[in-house]
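Encoded as structure tokens, the structure appears first; notes follow it.
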Amino acid sequence: MFKKPTHLVASLLGILCCVMSFSAKSFAGEEGQVFQAFTAHIHRQVEKDKVVFVQASTCTEWFYKQLRSKPQGPTVEGVAQHSHPDRLIEAGRPAETSLDCEAHYPGGLKAAREDFSRTQSTLTLSLTFYEFALVGDRDDDDHYNPGELQDILESVGLQFNFGLAPGTQASALNSQFDSFHQNGELEQLVVGMGTLFDKGYRLTNRDQQALNKIMG
């Protein structure tokens with residue numbers, strides 16, 4: 001016959017329920033930290049990648065301009081270069097003199113083109129990873145719930161453990177991004193993105209707006 005729980009047992013059950021409720025609330029409160037830490041980490045790398053990409057792009061164009069320009073007398077050419085350095089008028093592009101680009105790329109146009117290709121690839125990977133991080137927030141609440149976090153981690157080859165602190169999970173995601181970025185693993189990232197899409201995740205209008213903002 002079922003017996004009603006004693007006062008002591010009832011108290012213990014009450015304490016256990018409170019502890020479980022507190023743990024769940026604590027995790028929920030820290031979910032936003034995972035999303036914020038992950039996206040901020042990627043954002044910082046995107047800004048670094050944009051700087052070196054713009055430099056490579058600007059100097060590549062500058063070297064091409066030198067090839068297309070008509071030869072001039074040495075004295076006139078020297079005065080013209082130092083008085084009126086080439087300036088690219090596109091938004092966000094710095095002015096570059098021949099000295100700047102030649103100092104950055106002693107190998108000339110070939111070196112600048114190679115760096116342009118390299119920096120374009122790394123910037124593409126960083127932006128794609130940022131998109132991945134946004135898509136993983138399925139309901140656009142700037143938080144990763146346990147299900148979202150598990151899907152995100154597993155799609156890039158990491159294991160989800162509910163017992164680990166959210167900060168530890170964020171560190172794991174940041175480290176995985178660093179590894180992908182360093183090794184140029186864009187193809188593997190695209191596969192991970194496809195895994196999320198297969199589970200019903202989508203790039204929402206809000207995600208696209210955030211992506212456009214970071215690309216600006």
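We name chains A, B, ... following the order of the structure tokens; residues begin at 1 in each chain, and ligands are numbered from 1 as shown.
Non-sequential neighbours of A:Gln150 (distance at most 10 Å, separation of 2 or more positions within a chain, only C-alpha atoms) are Gly136, Tyr144, Asn145, Pro146, Gly147, Glu148, Ile152, Leu153, Glu154, Ser155, Leu158, Gln159, Phe160, Asn161, Phe162 and Gln169 of chain A.
Distances here use only C-alpha atoms; by that measure, the residue among A:Met193, A:Ala172, A:Phe63, A:Tyr130 closest to A:Leu211 is A:Tyr130.
Nearest to A:Asp49 of all the residues A:Thr204, A:Ser175, A:Thr122, A:Thr128 is A:Thr122, based on only C-alpha atoms.
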